[in-house]
>>> print(open('data-v8.tsv').read())   # TSV, C-alpha atoms and all ligand atoms
chain	number	residue	atom	x	y	z
O	1	MET	CA	26.14	12.20	-5.73
O	2	ALA	CA	22.66	13.10	-6.80
O	3	LYS	CA	19.26	12.41	-5.35
O	4	ARG	CA	16.88	10.67	-7.79
O	5	THR	CA	13.10	10.87	-8.09
O	6	ILE	CA	11.20	7.89	-6.66
O	7	LEU	CA	8.33	6.55	-8.80
O	8	SER	CA	4.95	6.32	-7.05
O	9	TYR	CA	2.38	3.55	-7.36
O	10	PRO	CA	0.44	3.02	-9.62
O	11	ASP	CA	3.14	4.12	-12.07
O	12	PRO	CA	3.31	1.30	-14.68
O	13	ARG	CA	7.12	1.57	-14.79
O	14	LEU	CA	7.17	-0.07	-11.32
O	15	HIS	CA	6.13	-3.30	-13.05
O	16	THR	CA	9.23	-3.48	-15.27
O	17	VAL	CA	11.41	-6.59	-14.82
O	18	ALA	CA	15.05	-5.58	-14.21
O	19	LYS	CA	17.96	-7.00	-16.25
O	20	PRO	CA	21.26	-8.21	-14.73
O	21	VAL	CA	24.05	-5.66	-14.27
O	22	GLN	CA	26.75	-6.44	-16.85
O	23	GLY	CA	29.77	-5.16	-14.93
O	24	VAL	CA	30.45	-3.10	-11.78
O	25	ASP	CA	31.96	-0.07	-13.53
O	26	ALA	CA	31.99	3.68	-12.82
O	27	ARG	CA	28.41	4.08	-14.06
O	28	ILE	CA	27.15	1.44	-11.61
O	29	LYS	CA	29.17	2.93	-8.72
O	30	THR	CA	27.61	6.36	-9.38
O	31	LEU	CA	24.18	4.73	-9.52
O	32	VAL	CA	24.79	2.99	-6.16
O	33	ALA	CA	25.92	6.29	-4.57
O	34	ASP	CA	22.81	8.04	-5.93
O	35	MET	CA	20.56	5.24	-4.64
O	36	LEU	CA	22.09	5.41	-1.15
O	37	GLU	CA	21.64	9.20	-1.08
O	38	THR	CA	18.03	8.83	-2.27
O	39	MET	CA	17.27	6.09	0.30
O	40	TYR	CA	18.79	8.00	3.24
O	41	ASP	CA	17.13	11.26	2.20
O	42	ALA	CA	13.74	9.49	2.11
O	43	ASN	CA	14.38	7.71	5.47
O	44	GLY	CA	13.86	4.32	3.83
O	45	ILE	CA	15.50	1.06	4.90
O	46	GLY	CA	15.92	-0.06	1.29
O	47	LEU	CA	15.65	1.02	-2.33
O	48	ALA	CA	15.55	-0.96	-5.57
O	49	ALA	CA	16.78	0.57	-8.85
O	50	THR	CA	13.28	-0.04	-10.29
O	51	GLN	CA	11.96	2.68	-7.95
O	52	ILE	CA	14.17	5.31	-9.62
O	53	ASP	CA	13.23	4.07	-13.11
O	54	VAL	CA	16.49	2.17	-13.66
O	55	HIS	CA	15.73	-1.41	-14.67
O	56	GLU	CA	18.88	-3.24	-13.61
O	57	ARG	CA	19.29	-5.74	-10.74
O	58	LEU	CA	20.57	-3.31	-8.12
O	59	VAL	CA	19.43	-2.83	-4.50
O	60	VAL	CA	20.64	-0.80	-1.51
O	61	ILE	CA	19.60	-1.52	2.09
O	62	ASP	CA	20.40	-0.13	5.54
O	63	VAL	CA	18.43	-1.53	8.47
O	64	SER	CA	20.92	-0.26	11.10
O	65	GLU	CA	19.73	2.05	13.89
O	66	ASP	CA	22.44	4.64	13.12
O	67	ARG	CA	21.96	4.37	9.34
O	68	ASP	CA	25.66	3.82	8.81
O	69	LYS	CA	25.74	0.21	7.58
O	70	PRO	CA	24.85	0.26	3.89
O	71	ILE	CA	24.38	-3.06	2.10
O	72	VAL	CA	24.74	-3.08	-1.70
O	73	LEU	CA	23.28	-6.01	-3.63
O	74	ILE	CA	24.15	-6.29	-7.32
O	75	ASN	CA	22.52	-9.16	-9.26
O	76	PRO	CA	21.05	-10.57	-6.04
O	77	GLU	CA	19.46	-14.02	-5.98
O	78	ILE	CA	17.61	-15.62	-3.09
O	79	VAL	CA	19.21	-19.08	-3.04
O	80	TRP	CA	17.25	-20.31	0.00
O	81	ALA	CA	14.15	-19.14	1.83
O	82	SER	CA	12.74	-20.74	5.00
O	83	ASP	CA	9.41	-22.53	4.85
O	84	ASP	CA	8.30	-20.77	7.99
O	85	LYS	CA	6.62	-17.47	7.31
O	86	VAL	CA	5.80	-14.44	9.39
O	87	LEU	CA	3.33	-11.59	8.88
O	88	ASN	CA	5.03	-8.17	8.92
O	89	GLU	CA	3.66	-4.66	8.59
O	90	GLU	CA	5.25	-3.30	5.38
O	91	GLY	CA	5.54	0.12	3.81
O	92	CYS	CA	7.17	1.29	0.59
O	93	LEU	CA	8.71	4.56	-0.57
O	94	SER	CA	6.75	4.08	-3.81
O	95	VAL	CA	3.46	3.67	-1.90
O	96	PRO	CA	3.69	6.66	0.49
O	97	GLY	CA	1.59	6.60	3.66
O	98	ILE	CA	0.28	3.04	3.19
O	99	TYR	CA	1.15	0.21	5.59
O	100	ASP	CA	-0.25	-3.31	5.59
O	101	GLY	CA	0.57	-6.89	6.49
O	102	VAL	CA	2.54	-9.15	4.12
O	103	GLU	CA	3.60	-12.74	4.79
O	104	ARG	CA	7.29	-13.48	4.08
O	105	SER	CA	9.83	-16.18	4.86
O	106	THR	CA	11.39	-15.54	8.26
O	107	SER	CA	14.93	-16.25	6.96
O	108	VAL	CA	16.63	-16.07	3.57
O	109	ARG	CA	20.07	-16.64	2.09
O	110	VAL	CA	21.02	-14.31	-0.76
O	111	THR	CA	24.03	-14.23	-3.05
O	112	ALA	CA	25.03	-11.02	-4.83
O	113	LEU	CA	27.97	-8.85	-5.80
O	114	ASP	CA	28.84	-6.01	-3.40
O	115	GLY	CA	29.53	-2.39	-4.38
O	116	GLU	CA	33.03	-3.32	-5.50
O	117	GLY	CA	31.86	-6.22	-7.64
O	118	GLU	CA	32.99	-8.86	-5.12
O	119	PRO	CA	30.75	-11.90	-4.51
O	120	GLN	CA	29.01	-12.04	-1.12
O	121	THR	CA	26.52	-14.32	0.62
O	122	ILE	CA	24.17	-12.89	3.24
O	123	GLU	CA	22.15	-14.93	5.74
O	124	ALA	CA	19.31	-12.74	6.94
O	125	GLU	CA	16.45	-12.89	9.41
O	126	GLY	CA	14.18	-10.32	11.01
O	127	LEU	CA	13.81	-6.93	9.33
O	128	LEU	CA	16.75	-7.52	6.97
O	129	ALA	CA	15.11	-10.71	5.62
O	130	VAL	CA	11.83	-8.84	5.09
O	131	CYS	CA	13.59	-5.97	3.35
O	132	ILE	CA	15.60	-8.26	1.03
O	133	GLN	CA	12.41	-10.03	-0.09
O	134	HIS	CA	10.60	-6.68	-0.56
O	135	GLU	CA	13.48	-5.26	-2.66
O	136	LEU	CA	13.92	-8.39	-4.80
O	137	ASP	CA	10.19	-8.25	-5.58
O	138	HIS	CA	10.71	-4.69	-6.92
O	139	LEU	CA	13.35	-6.05	-9.35
O	140	LEU	CA	10.69	-8.46	-10.65
O	141	GLY	CA	8.24	-5.59	-11.10
O	142	LYS	CA	6.24	-6.48	-8.00
O	143	VAL	CA	5.01	-3.97	-5.39
O	144	PHE	CA	3.88	-5.19	-1.92
O	145	VAL	CA	0.28	-4.04	-2.46
O	146	GLU	CA	-0.04	-6.86	-5.00
O	147	TYR	CA	-0.14	-9.28	-2.03
O	148	LEU	CA	-3.24	-7.49	-0.67
O	149	SER	CA	-6.84	-8.15	-1.73
O	150	PRO	CA	-8.02	-6.50	-4.99
O	151	LEU	CA	-10.40	-4.40	-2.88
O	152	LYS	CA	-7.60	-3.01	-0.70
O	153	ARG	CA	-5.34	-2.54	-3.73
O	154	ASN	CA	-7.98	-0.57	-5.63
O	155	ARG	CA	-8.63	1.66	-2.62
O	156	ILE	CA	-4.88	2.33	-2.33
O	157	LYS	CA	-4.65	3.06	-6.08
O	158	SER	CA	-7.52	5.60	-5.92
O	159	LYS	CA	-6.15	7.27	-2.79
O	160	LEU	CA	-2.64	7.68	-4.26
O	161	LEU	CA	-3.94	8.92	-7.66
O	162	LYS	CA	-6.09	11.52	-5.89
O	163	GLN	CA	-3.10	12.60	-3.77
O	164	GLN	CA	-0.92	12.82	-6.90
O	165	ARG	CA	-3.52	15.01	-8.68
O	166	GLU	CA	-3.64	17.35	-5.67
O	167	ASP	CA	0.16	17.53	-5.44
O	168	GLN	CA	0.30	18.34	-9.17
O	169	LYS	CA	-2.18	21.19	-8.74
O	170	LEU	CA	-0.16	22.66	-5.86
O	171	ASP	CA	3.04	22.40	-7.93
O	172	GLN	CA	1.41	24.24	-10.86
O	173	ARG	CA	0.06	27.00	-8.63
O	174	GLU	CA	3.56	27.58	-7.26
O	175	GLY	CA	4.92	27.73	-10.79
O	176	ARG	CA	7.11	24.66	-10.30
O	177	ARG	CA	7.49	21.83	-12.75
O	201	LIG	O1	11.58	2.00	4.04
O	201	LIG	C1	11.00	0.91	3.90
O	201	LIG	N1	10.49	0.29	4.98
O	201	LIG	C2	9.99	-0.99	4.95
O	201	LIG	C3	9.27	-1.42	6.07
O	201	LIG	C4	8.77	-2.70	6.11
O	201	LIG	C5	8.99	-3.56	5.06
O	201	LIG	C6	9.68	-3.15	3.95
O	201	LIG	C7	10.19	-1.87	3.90
O	201	LIG	S1	11.10	-1.37	2.52
O	201	LIG	C8	10.82	0.35	2.54
O	201	LIG	C9	11.68	1.05	1.50
O	201	LIG	C10	11.24	0.61	0.14
O	201	LIG	O2	10.21	0.95	-0.38
O	201	LIG	N2	12.01	-0.22	-0.49
O	201	LIG	O3	11.66	-0.69	-1.69
O	202	NI	NI	9.51	-0.63	-1.73
>>> encode(input="data-v8.tsv", output="structure tokens")
Amino acid sequence: MAKRTILSYPDPRLHTVAKPVQGVDARIKTLVADMLETMYDANGIGLAATQIDVHERLVVIDVSEDRDKPIVLINPEIVWASDDKVLNEEGCLSVPGIYDGVERSTSVRVTALDGEGEPQTIEAEGLLAVCIQHELDHLLGKVFVEYLSPLKRNRIKSKLLKQQREDQKLDQREGRR
């Protein structure tokens, strides 16, 4: 397994629309293993392939307390979403240090293939429902800050760009690449 680099907003590659996975073969299984390692290492509850610059419909999630219940969603589709919505505080590994409220359906039903290529249907509510909607947005090239006002989004963009410039300077001074 190998840890992959997570893209940071406002990287334009985060707005790429992912294509369906063609078959759950060895390449996809390695990718899933790498995504799980990357998600756990970053202490995230989910990760979409888009975030590691792979533009295929592939998501990993683990909302369990003990972080031992991985969910793999290949070619996921939300087939039903409740009309009732709830406002949740969201964060994103691609938008480090930023948290804000986003309205989502309280419950969703999603169909997908699992890590072995077997069809599965998941009925989700609570944090899992939020996470599924957040991850499926990534596959469509959408980051949660796009639900916020343009003013908030621009402030977030500036803050992250400034942080990225400072991180780059530190890296150079240490002779890293
Ligand atoms: O780790 C994550 N936490 C989180 C919290 C509230 C709503 C959504 C999320 S998903 C995020 C990981 C991530 O960026 N997935 O794309
Ligand atoms: Ni995210």
>>> residues_around(input="data-v8.tsv", residues="region 72-75 of chain O", least_positions_apart="4", cutoff="9 Å", atoms="only C-alpha atoms", output="list in words")
Lys19, Pro20, Val21, Val24, Val32, Leu36, Glu56, Arg57, Leu58, Val59, Val60, Ile61, Asp62, Thr111, Ala112, Leu113, Asp114, Gly115, Gly117 and Gln120 of chain O
>>> write_last_selection(input="data-v8.tsv", atoms="C-alpha atoms", output="tab-separated table (two decimals), in the coordinates of the input")
chain	number	residue	atom	x	y	z
O	19	LYS	CA	17.96	-7.00	-16.25
O	20	PRO	CA	21.26	-8.21	-14.73
O	21	VAL	CA	24.05	-5.66	-14.27
O	24	VAL	CA	30.45	-3.10	-11.78
O	32	VAL	CA	24.79	2.99	-6.16
O	36	LEU	CA	22.09	5.41	-1.15
O	56	GLU	CA	18.88	-3.24	-13.61
O	57	ARG	CA	19.29	-5.74	-10.74
O	58	LEU	CA	20.57	-3.31	-8.12
O	59	VAL	CA	19.43	-2.83	-4.50
O	60	VAL	CA	20.64	-0.80	-1.51
O	61	ILE	CA	19.60	-1.52	2.09
O	62	ASP	CA	20.40	-0.13	5.54
O	111	THR	CA	24.03	-14.23	-3.05
O	112	ALA	CA	25.03	-11.02	-4.83
O	113	LEU	CA	27.97	-8.85	-5.80
O	114	ASP	CA	28.84	-6.01	-3.40
O	115	GLY	CA	29.53	-2.39	-4.38
O	117	GLY	CA	31.86	-6.22	-7.64
O	120	GLN	CA	29.01	-12.04	-1.12
>>> residues_around(input="data-v8.tsv", residues="Asp53 (chain O)", least_positions_apart="5", cutoff="8 Å", atoms="all atoms listed in the file", output="count of residues only")
4
>>> residues_near_ligand(input="data-v8.tsv", ligand="ligand NI 202 (chain O)", cutoff="8 Å", atoms="only C-alpha atoms and all ligand atoms", output="tab-separated table (two decimals) with C-alpha atoms, keeping the file's coordinate frame")
chain	number	residue	atom	x	y	z
O	46	GLY	CA	15.92	-0.06	1.29
O	47	LEU	CA	15.65	1.02	-2.33
O	48	ALA	CA	15.55	-0.96	-5.57
O	51	GLN	CA	11.96	2.68	-7.95
O	91	GLY	CA	5.54	0.12	3.81
O	92	CYS	CA	7.17	1.29	0.59
O	93	LEU	CA	8.71	4.56	-0.57
O	94	SER	CA	6.75	4.08	-3.81
O	95	VAL	CA	3.46	3.67	-1.90
O	134	HIS	CA	10.60	-6.68	-0.56
O	135	GLU	CA	13.48	-5.26	-2.66
O	138	HIS	CA	10.71	-4.69	-6.92
O	143	VAL	CA	5.01	-3.97	-5.39
O	144	PHE	CA	3.88	-5.19	-1.92
>>> residues_around(input="data-v8.tsv", residues="Val17 (chain O)", least_positions_apart="3", cutoff="7 Å", atoms="all atoms listed in the file", output="PDB file with C-alpha atoms, in the frame of the given file")
ATOM      1  CA  HIS O  55      15.730  -1.410 -14.670  1.00  0.00           C
ATOM      2  CA  LEU O 139      13.350  -6.050  -9.350  1.00  0.00           C
ATOM      3  CA  LEU O 140      10.690  -8.460 -10.650  1.00  0.00           C
ATOM      4  CA  GLY O 141       8.240  -5.590 -11.100  1.00  0.00           C
TER       5      GLY O 141
END
>>> closest_residue(input="data-v8.tsv", among="O:Met39, O:Leu151, O:Ile122, O:Leu160", to="Pro76 (chain O)", atoms="all atoms listed in the file")
O:Ile122
>>> atom_distance(input="data-v8.tsv", atom1="CA of Lys85 (chain O)", atom2="CA of Ile71 (chain O)")
23.5 Å
>>> atom_distance(input="data-v8.tsv", atom1="CA of Gln168 (chain O)", atom2="atom C7 of ligand LIG 201 (chain O)")
26.0 Å
>>> atom_distance(input="data-v8.tsv", atom1="CA of Ile45 (chain O)", atom2="atom C2 of ligand LIG 201 (chain O)")
5.9 Å
>>> closest_residue(input="data-v8.tsv", among="O:Arg109, O:Arg104, O:Arg173, O:Lys162", to="Trp80 (chain O)", atoms="only C-alpha atoms")
O:Arg109
>>> closest_residue(input="data-v8.tsv", among="O:Ile156, O:Val63, O:Ala33, O:Leu170", to="ligand LIG 201 (chain O)", atoms="only C-alpha atoms and all ligand atoms")
O:Val63
>>> closest_residue(input="data-v8.tsv", among="O:Asn43, O:Asn154, O:Thr30, O:Gln164", to="ligand LIG 201 (chain O)", atoms="all atoms listed in the file")
O:Asn43
>>> closest_residue(input="data-v8.tsv", among="O:Asp68, O:Glu174, O:Asp41, O:Arg155", to="ligand LIG 201 (chain O)", atoms="all atoms listed in the file")
O:Asp41
